[in-house]
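Since the structure comes first, as structure tokens, the remarks are kept for the end.
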Amino acid sequence: MHPHSTATMGAFATGAGATSTNRKQHHHLRRYLNTFSTNKNNKTRRRSSSRRRKGDERRTMVSAKYSSGLQKLENCVDSGQFDRPMMEELFTIADEMAKVKPGSKDSLLLQGYLMSTLFYEASTRTRLSFESAMGRLGGGIVSTESAGEYSSAAKGETLEDTMRTVESYCDIVVLRHFQAGSAAKAAKVMRAPLINAGDGPGQHPTQALLDVYTIQKEIGRLDGFKIAFVGDLANGRTVRSLAMALTKFNDVEFFFVAPDVVKMKDDIKLFLDERGVKWSESTDLIATAKKVDVMYQTRIQKERFGDRLDDYEKAKGKYIIDQSVMDALSDTACVMHPLPRVDEIDPAVDGDKRSAYFRQAQNGLFVRMALLKVLLLK
């Protein structure tokens, strides 16, 4: 008997008029319980079908239709999946998410859904913002921290097997992994939606989305502006993802300012060339600051250097945003950083109205709320 059958029988056997209609209700109850019997001729049952059955009622009550490619979006693996109309529609939804209040109707949009966060690398903002996003929309969270150490990966389990297992416990998975390409590999074996929360030096698509959203908020446009990428451009997945995303807009010019050992890699330069996007490299941070509308600073990622500590020392602390850089920026420019920072932005400039990095972090919450809604409600 189905675990809910006792409670269901009680509901049919009580209440006004129960005696006169008991036989008819008993017949309907049997039909109801029979829907849970196993079809012996059906050897396997797809988990996705089970997930759809459990979600049918929720999706009927709360559904959404999108006018862009968001309607067909099944995973979020890299920033190249999003064209301009998709980003613009997602940002409209993010604006709506920013207005969601506890106890409101929208705060229950994802009630009954479960999200798993599986992080093989350290994270503060990305993990907490995803979990906050799910919670603010009424959903539940199944999480493991330091998955490489505390999950079955420590026993030698493959990523593919882990993802097949984890998706059976939830409706959507957020994955951070140390290996570039891991998110795409995981998505191939999954039926539940997957969100890439960073795959080593590869991609970080949700960071790119929140960065584009922040640029729009801070300078008021996504066409006709100049942006400087500063710091670790070789290992920084955020700058790679953002550079790809910004090619979907018009007349955006790129400046790359980085130590020699962590310059922007040739694949991104070729990507820009193929799309006719103007870019240049510079070693003069002050001169570059005078030209740009957006200064996107990044930290030198020590964890990506391995035993090449001499290279790390050459790169560390070379380009720092301090008051002299702020003085060179225009009054309408903004400074962004994906965080965490080490010493590449002087805390003394945090109070400057053009310092947008903490607003940028908050925008991540709204964009991730929007993305969860899009992937779970069609």
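In the structure tokens, chains take the letters A, B, ... in the order shown, each chain's residues start at 1, and ligands count up from 1 in the order shown.
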For this session: Give the alpha helix (DSSP H) residues of segment 336-374 of chain A, as assigned by DSSP on the backbone, as a PyMOL selection string.
Result: chain A and resi 357-374
What would the file look like if the residues just selected were written as a short mmCIF file (atom, residue, chain, number, x, y, z; two decimals), in the first residue's frame with all heavy atoms?
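Final file, out28.cif:
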```
data_model
loop_
_atom_site.label_atom_id
_atom_site.label_comp_id
_atom_site.auth_asym_id
_atom_site.auth_seq_id
_atom_site.Cartn_x
_atom_site.Cartn_y
_atom_site.Cartn_z
N TYR A 357 31.65 46.67 -6.36
CA TYR A 357 31.83 45.23 -6.19
C TYR A 357 30.90 44.58 -5.16
O TYR A 357 30.51 43.42 -5.33
CB TYR A 357 33.30 44.87 -5.89
CG TYR A 357 34.12 45.95 -5.24
CD1 TYR A 357 34.23 46.03 -3.85
CD2 TYR A 357 34.80 46.88 -6.01
CE1 TYR A 357 35.00 47.02 -3.26
CE2 TYR A 357 35.57 47.87 -5.42
CZ TYR A 357 35.67 47.94 -4.04
OH TYR A 357 36.42 48.93 -3.44
N PHE A 358 30.50 45.32 -4.12
CA PHE A 358 29.56 44.72 -3.17
C PHE A 358 28.13 44.76 -3.71
O PHE A 358 27.33 43.85 -3.45
CB PHE A 358 29.69 45.38 -1.80
CG PHE A 358 31.01 45.11 -1.14
CD1 PHE A 358 31.92 46.13 -0.91
CD2 PHE A 358 31.37 43.82 -0.79
CE1 PHE A 358 33.15 45.88 -0.32
CE2 PHE A 358 32.60 43.54 -0.20
CZ PHE A 358 33.49 44.58 0.04
N ARG A 359 27.80 45.77 -4.49
CA ARG A 359 26.51 45.78 -5.19
C ARG A 359 26.50 44.65 -6.23
O ARG A 359 25.47 43.99 -6.45
CB ARG A 359 26.28 47.13 -5.86
CG ARG A 359 26.14 48.29 -4.89
CD ARG A 359 25.65 49.56 -5.58
NE ARG A 359 26.60 50.10 -6.55
CZ ARG A 359 27.58 50.95 -6.23
NH1 ARG A 359 27.77 51.32 -4.97
NH2 ARG A 359 28.39 51.43 -7.18
N GLN A 360 27.62 44.46 -6.85
CA GLN A 360 27.78 43.38 -7.83
C GLN A 360 27.48 42.02 -7.18
O GLN A 360 26.78 41.18 -7.76
CB GLN A 360 29.21 43.42 -8.36
CG GLN A 360 29.62 42.36 -9.34
CD GLN A 360 31.11 42.49 -9.67
OE1 GLN A 360 31.79 43.43 -9.24
NE2 GLN A 360 31.63 41.56 -10.44
N ALA A 361 28.01 41.80 -5.98
CA ALA A 361 27.77 40.53 -5.27
C ALA A 361 26.28 40.36 -4.96
O ALA A 361 25.72 39.26 -5.10
CB ALA A 361 28.59 40.49 -3.99
N GLN A 362 25.61 41.43 -4.56
CA GLN A 362 24.18 41.33 -4.28
C GLN A 362 23.39 41.05 -5.55
O GLN A 362 22.41 40.30 -5.53
CB GLN A 362 23.67 42.62 -3.62
CG GLN A 362 22.19 42.51 -3.21
CD GLN A 362 21.68 43.78 -2.56
OE1 GLN A 362 22.04 44.88 -2.98
NE2 GLN A 362 20.84 43.64 -1.55
N ASN A 363 23.81 41.64 -6.66
CA ASN A 363 23.13 41.37 -7.93
C ASN A 363 23.17 39.89 -8.28
O ASN A 363 22.28 39.39 -8.97
CB ASN A 363 23.78 42.19 -9.05
CG ASN A 363 23.45 43.67 -8.96
OD1 ASN A 363 22.46 44.07 -8.36
ND2 ASN A 363 24.30 44.49 -9.56
N GLY A 364 24.21 39.21 -7.81
CA GLY A 364 24.30 37.77 -8.06
C GLY A 364 23.12 37.03 -7.49
O GLY A 364 22.66 36.03 -8.07
N LEU A 365 22.62 37.46 -6.36
CA LEU A 365 21.45 36.82 -5.76
C LEU A 365 20.24 36.93 -6.69
O LEU A 365 19.55 35.94 -6.95
CB LEU A 365 21.13 37.48 -4.41
CG LEU A 365 19.82 37.07 -3.74
CD1 LEU A 365 19.82 35.59 -3.40
CD2 LEU A 365 19.57 37.93 -2.50
N PHE A 366 19.99 38.12 -7.22
CA PHE A 366 18.80 38.33 -8.04
C PHE A 366 18.89 37.59 -9.38
O PHE A 366 17.90 37.02 -9.85
CB PHE A 366 18.60 39.83 -8.28
CG PHE A 366 18.59 40.64 -7.01
CD1 PHE A 366 19.25 41.86 -6.94
CD2 PHE A 366 17.93 40.17 -5.88
CE1 PHE A 366 19.24 42.61 -5.77
CE2 PHE A 366 17.91 40.91 -4.70
CZ PHE A 366 18.58 42.13 -4.65
N VAL A 367 20.09 37.59 -9.97
CA VAL A 367 20.27 36.89 -11.24
C VAL A 367 20.12 35.38 -11.04
O VAL A 367 19.51 34.69 -11.88
CB VAL A 367 21.63 37.24 -11.86
CG1 VAL A 367 21.95 36.32 -13.05
CG2 VAL A 367 21.65 38.68 -12.33
N ARG A 368 20.62 34.87 -9.94
CA ARG A 368 20.51 33.43 -9.70
C ARG A 368 19.09 33.02 -9.33
O ARG A 368 18.65 31.93 -9.67
CB ARG A 368 21.54 33.02 -8.64
CG ARG A 368 22.96 33.04 -9.25
CD ARG A 368 24.08 32.99 -8.24
NE ARG A 368 25.36 32.94 -8.97
CZ ARG A 368 26.47 33.55 -8.57
NH1 ARG A 368 26.48 34.25 -7.44
NH2 ARG A 368 27.58 33.45 -9.29
N MET A 369 18.37 33.88 -8.65
CA MET A 369 16.94 33.63 -8.43
C MET A 369 16.22 33.52 -9.77
O MET A 369 15.41 32.62 -10.00
CB MET A 369 16.32 34.75 -7.59
CG MET A 369 16.74 34.76 -6.14
SD MET A 369 16.19 36.25 -5.25
CE MET A 369 14.40 35.97 -5.14
N ALA A 370 16.53 34.46 -10.67
CA ALA A 370 15.90 34.46 -11.99
C ALA A 370 16.23 33.19 -12.76
O ALA A 370 15.36 32.58 -13.39
CB ALA A 370 16.35 35.69 -12.77
N LEU A 371 17.48 32.77 -12.70
CA LEU A 371 17.90 31.58 -13.44
C LEU A 371 17.24 30.31 -12.89
O LEU A 371 16.83 29.44 -13.66
CB LEU A 371 19.42 31.46 -13.38
CG LEU A 371 20.04 30.36 -14.25
CD1 LEU A 371 19.72 30.58 -15.73
CD2 LEU A 371 21.56 30.32 -14.05
N LEU A 372 17.13 30.21 -11.58
CA LEU A 372 16.45 29.05 -11.00
C LEU A 372 14.99 29.01 -11.43
O LEU A 372 14.45 27.94 -11.75
CB LEU A 372 16.55 29.10 -9.47
CG LEU A 372 17.93 28.83 -8.87
CD1 LEU A 372 17.93 29.11 -7.37
CD2 LEU A 372 18.37 27.39 -9.14
N LYS A 373 14.35 30.16 -11.44
CA LYS A 373 12.96 30.21 -11.90
C LYS A 373 12.85 29.75 -13.35
O LYS A 373 11.97 28.95 -13.70
CB LYS A 373 12.41 31.63 -11.76
CG LYS A 373 10.99 31.79 -12.28
CD LYS A 373 10.52 33.23 -12.24
CE LYS A 373 9.12 33.35 -12.87
NZ LYS A 373 8.64 34.75 -12.90
N VAL A 374 13.75 30.23 -14.20
CA VAL A 374 13.70 29.90 -15.62
C VAL A 374 13.90 28.39 -15.85
O VAL A 374 13.19 27.77 -16.64
CB VAL A 374 14.77 30.70 -16.39
CG1 VAL A 374 14.99 30.13 -17.79
CG2 VAL A 374 14.37 32.17 -16.48
#
```
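Interatomic distance, atom CA of Leu222 of chain A to atom CA of Asp95 of chain A: 16.2 Å.
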For this session: Have a look at atom CA of Ile300 of chain A and atom CA of Tyr312 of chain A and let me know their distance in Å, one decimal.
Result: 7.6 Å
Exercise. Which one is closest to Phe305 of chain A: A:Gly69, A:Pro338, A:Gly351, A:Pro201? Count only C-alpha atoms.
Worked result: A:Pro201
Near-Ser79 of chain A list (6 Å; only C-alpha atoms; drop same-chain fewer than 6 positions) as a short mmCIF file (atom, residue, chain, number, x, y, z; two decimals) with all heavy atoms, in the first residue's frame:
```cif
data_model
loop_
_atom_site.label_atom_id
_atom_site.label_comp_id
_atom_site.auth_asym_id
_atom_site.auth_seq_id
_atom_site.Cartn_x
_atom_site.Cartn_y
_atom_site.Cartn_z
N PRO A 205 29.55 30.87 -15.92
CA PRO A 205 28.50 31.61 -16.65
C PRO A 205 27.61 32.48 -15.78
O PRO A 205 27.23 33.57 -16.21
CB PRO A 205 27.71 30.49 -17.33
CG PRO A 205 28.01 29.26 -16.56
CD PRO A 205 29.42 29.41 -16.08
N SER A 241 34.53 34.27 -19.20
CA SER A 241 33.09 34.17 -19.40
C SER A 241 32.48 35.53 -19.74
O SER A 241 31.62 35.64 -20.62
CB SER A 241 32.42 33.60 -18.15
OG SER A 241 32.83 32.27 -17.91
N ALA A 245 30.46 36.88 -23.12
CA ALA A 245 29.09 37.41 -23.01
C ALA A 245 28.97 38.79 -23.62
O ALA A 245 27.97 39.12 -24.28
CB ALA A 245 28.65 37.43 -21.55
#
```
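From atom CA of Ala184 of chain A back to atom CA of Tyr66 of chain A, the distance works out to 24.3 Å.
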Problem set entry | segment 159-176 of chain A surroundings by only C-alpha atoms, 6 Å radius, close-in-sequence under 6 positions cut, as a PyMOL selection string | chain A and resi 114-120+186+192-199
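If only C-alpha atoms are the atoms counted, then among A:Thr206, A:Gln301, A:Ser107, A:Thr126 the closest residue to Leu90 of chain A is A:Thr206.
Among A:Glu344, A:Asp284, A:Asp78, A:Glu253, the residue with the shortest atom-to-atom distance to Asp232 of chain A, counting only C-alpha atoms, is A:Glu344.
Considering the residues A:Tyr296, A:Trp279, A:Phe225, A:Phe91 and counting only C-alpha atoms, Leu242 of chain A has its shortest atom-to-atom contact with A:Tyr296.
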Cut-off 10 Å: closest segment 290-366 of chain A/segment 254-269 of chain A atom pairs per residue, using only C-alpha atoms, as a Markdown table:
```
| residue | atom | partner | partner_atom | distance |
| --- | --- | --- | --- | --- |
| A:Lys291 | CA | A:Phe255 | CA | 9.4 |
| A:Val292 | CA | A:Phe255 | CA | 8.4 |
| A:Val294 | CA | A:Phe254 | CA | 9.9 |
| A:Met295 | CA | A:Phe255 | CA | 9.4 |
| A:Tyr296 | CA | A:Phe256 | CA | 9.9 |
| A:Gln297 | CA | A:Val257 | CA | 9.4 |
| A:Thr298 | CA | A:Ala258 | CA | 9.8 |
| A:Ile300 | CA | A:Val262 | CA | 8.3 |
| A:Gln301 | CA | A:Val262 | CA | 9.6 |
| A:Asp311 | CA | A:Val261 | CA | 6.5 |
| A:Tyr312 | CA | A:Val261 | CA | 8.2 |
| A:Lys314 | CA | A:Pro259 | CA | 7.7 |
| A:Ala315 | CA | A:Pro259 | CA | 5.5 |
| A:Lys316 | CA | A:Pro259 | CA | 8.6 |
| A:Gly317 | CA | A:Pro259 | CA | 9.7 |
| A:Lys318 | CA | A:Pro259 | CA | 7.1 |
| A:Tyr319 | CA | A:Ala258 | CA | 7.6 |
```
Dump N, CA, C and O atoms for the selected residues as an mmCIF file, in the first residue's frame?
```cif
data_model
loop_
_atom_site.group_PDB
_atom_site.id
_atom_site.type_symbol
_atom_site.label_atom_id
_atom_site.label_comp_id
_atom_site.auth_asym_id
_atom_site.auth_seq_id
_atom_site.Cartn_x
_atom_site.Cartn_y
_atom_site.Cartn_z
ATOM 1 N N LYS A 291 40.598 55.927 -19.891
ATOM 2 C CA LYS A 291 39.876 55.643 -21.133
ATOM 3 C C LYS A 291 38.575 54.860 -20.939
ATOM 4 O O LYS A 291 37.717 54.872 -21.816
ATOM 5 N N VAL A 292 38.423 54.161 -19.808
ATOM 6 C CA VAL A 292 37.371 53.150 -19.725
ATOM 7 C C VAL A 292 36.176 53.596 -18.889
ATOM 8 O O VAL A 292 36.260 54.517 -18.064
ATOM 9 N N VAL A 294 34.354 50.934 -17.411
ATOM 10 C CA VAL A 294 34.282 49.855 -16.424
ATOM 11 C C VAL A 294 35.694 49.337 -16.182
ATOM 12 O O VAL A 294 36.417 49.007 -17.120
ATOM 13 N N MET A 295 36.080 49.268 -14.918
ATOM 14 C CA MET A 295 37.362 48.678 -14.529
ATOM 15 C C MET A 295 37.045 47.368 -13.801
ATOM 16 O O MET A 295 36.463 47.380 -12.717
ATOM 17 N N TYR A 296 37.408 46.237 -14.423
ATOM 18 C CA TYR A 296 37.095 44.918 -13.851
ATOM 19 C C TYR A 296 38.384 44.303 -13.319
ATOM 20 O O TYR A 296 39.197 43.778 -14.065
ATOM 21 N N GLN A 297 38.559 44.412 -12.009
ATOM 22 C CA GLN A 297 39.779 43.920 -11.354
ATOM 23 C C GLN A 297 39.595 42.466 -10.906
ATOM 24 O O GLN A 297 38.477 42.051 -10.556
ATOM 25 N N THR A 298 40.674 41.685 -10.936
ATOM 26 C CA THR A 298 40.642 40.308 -10.436
ATOM 27 C C THR A 298 41.895 40.050 -9.598
ATOM 28 O O THR A 298 42.923 40.710 -9.764
ATOM 29 N N ILE A 300 45.144 37.737 -8.284
ATOM 30 C CA ILE A 300 46.078 36.757 -8.818
ATOM 31 C C ILE A 300 45.821 35.435 -8.085
ATOM 32 O O ILE A 300 45.949 35.365 -6.864
ATOM 33 N N GLN A 301 45.427 34.403 -8.818
ATOM 34 C CA GLN A 301 44.939 33.169 -8.209
ATOM 35 C C GLN A 301 46.093 32.221 -7.886
ATOM 36 O O GLN A 301 46.506 31.397 -8.702
ATOM 37 N N ASP A 311 56.573 32.429 -10.434
ATOM 38 C CA ASP A 311 55.660 33.145 -11.332
ATOM 39 C C ASP A 311 54.598 33.897 -10.537
ATOM 40 O O ASP A 311 54.218 35.026 -10.890
ATOM 41 N N TYR A 312 54.110 33.272 -9.471
ATOM 42 C CA TYR A 312 53.109 33.935 -8.633
ATOM 43 C C TYR A 312 53.669 35.216 -8.025
ATOM 44 O O TYR A 312 53.004 36.262 -8.013
ATOM 45 N N LYS A 314 55.957 37.087 -9.208
ATOM 46 C CA LYS A 314 56.116 38.090 -10.264
ATOM 47 C C LYS A 314 54.802 38.812 -10.553
ATOM 48 O O LYS A 314 54.789 39.990 -10.936
ATOM 49 N N ALA A 315 53.689 38.088 -10.406
ATOM 50 C CA ALA A 315 52.381 38.649 -10.761
ATOM 51 C C ALA A 315 51.713 39.370 -9.603
ATOM 52 O O ALA A 315 50.989 40.357 -9.799
ATOM 53 N N LYS A 316 51.959 38.895 -8.397
ATOM 54 C CA LYS A 316 51.253 39.405 -7.222
ATOM 55 C C LYS A 316 51.549 40.887 -6.979
ATOM 56 O O LYS A 316 52.700 41.318 -7.005
ATOM 57 N N GLY A 317 50.484 41.646 -6.747
ATOM 58 C CA GLY A 317 50.638 43.029 -6.325
ATOM 59 C C GLY A 317 51.110 43.997 -7.388
ATOM 60 O O GLY A 317 51.442 45.139 -7.077
ATOM 61 N N LYS A 318 51.124 43.581 -8.641
ATOM 62 C CA LYS A 318 51.637 44.465 -9.684
ATOM 63 C C LYS A 318 50.637 45.544 -10.067
ATOM 64 O O LYS A 318 51.024 46.694 -10.324
ATOM 65 N N TYR A 319 49.354 45.196 -10.125
ATOM 66 C CA TYR A 319 48.328 46.174 -10.504
ATOM 67 C C TYR A 319 47.304 46.285 -9.373
ATOM 68 O O TYR A 319 46.515 45.373 -9.135
#
```
For this session: Write out as JSON, numbers by chain each polymer residue whose atoms come within 6 Å of Met86 of chain A, counting only C-alpha atoms; drop sequence neighbours fewer than 4 positions from it.
Result: {"A": [68, 69, 70, 82]}
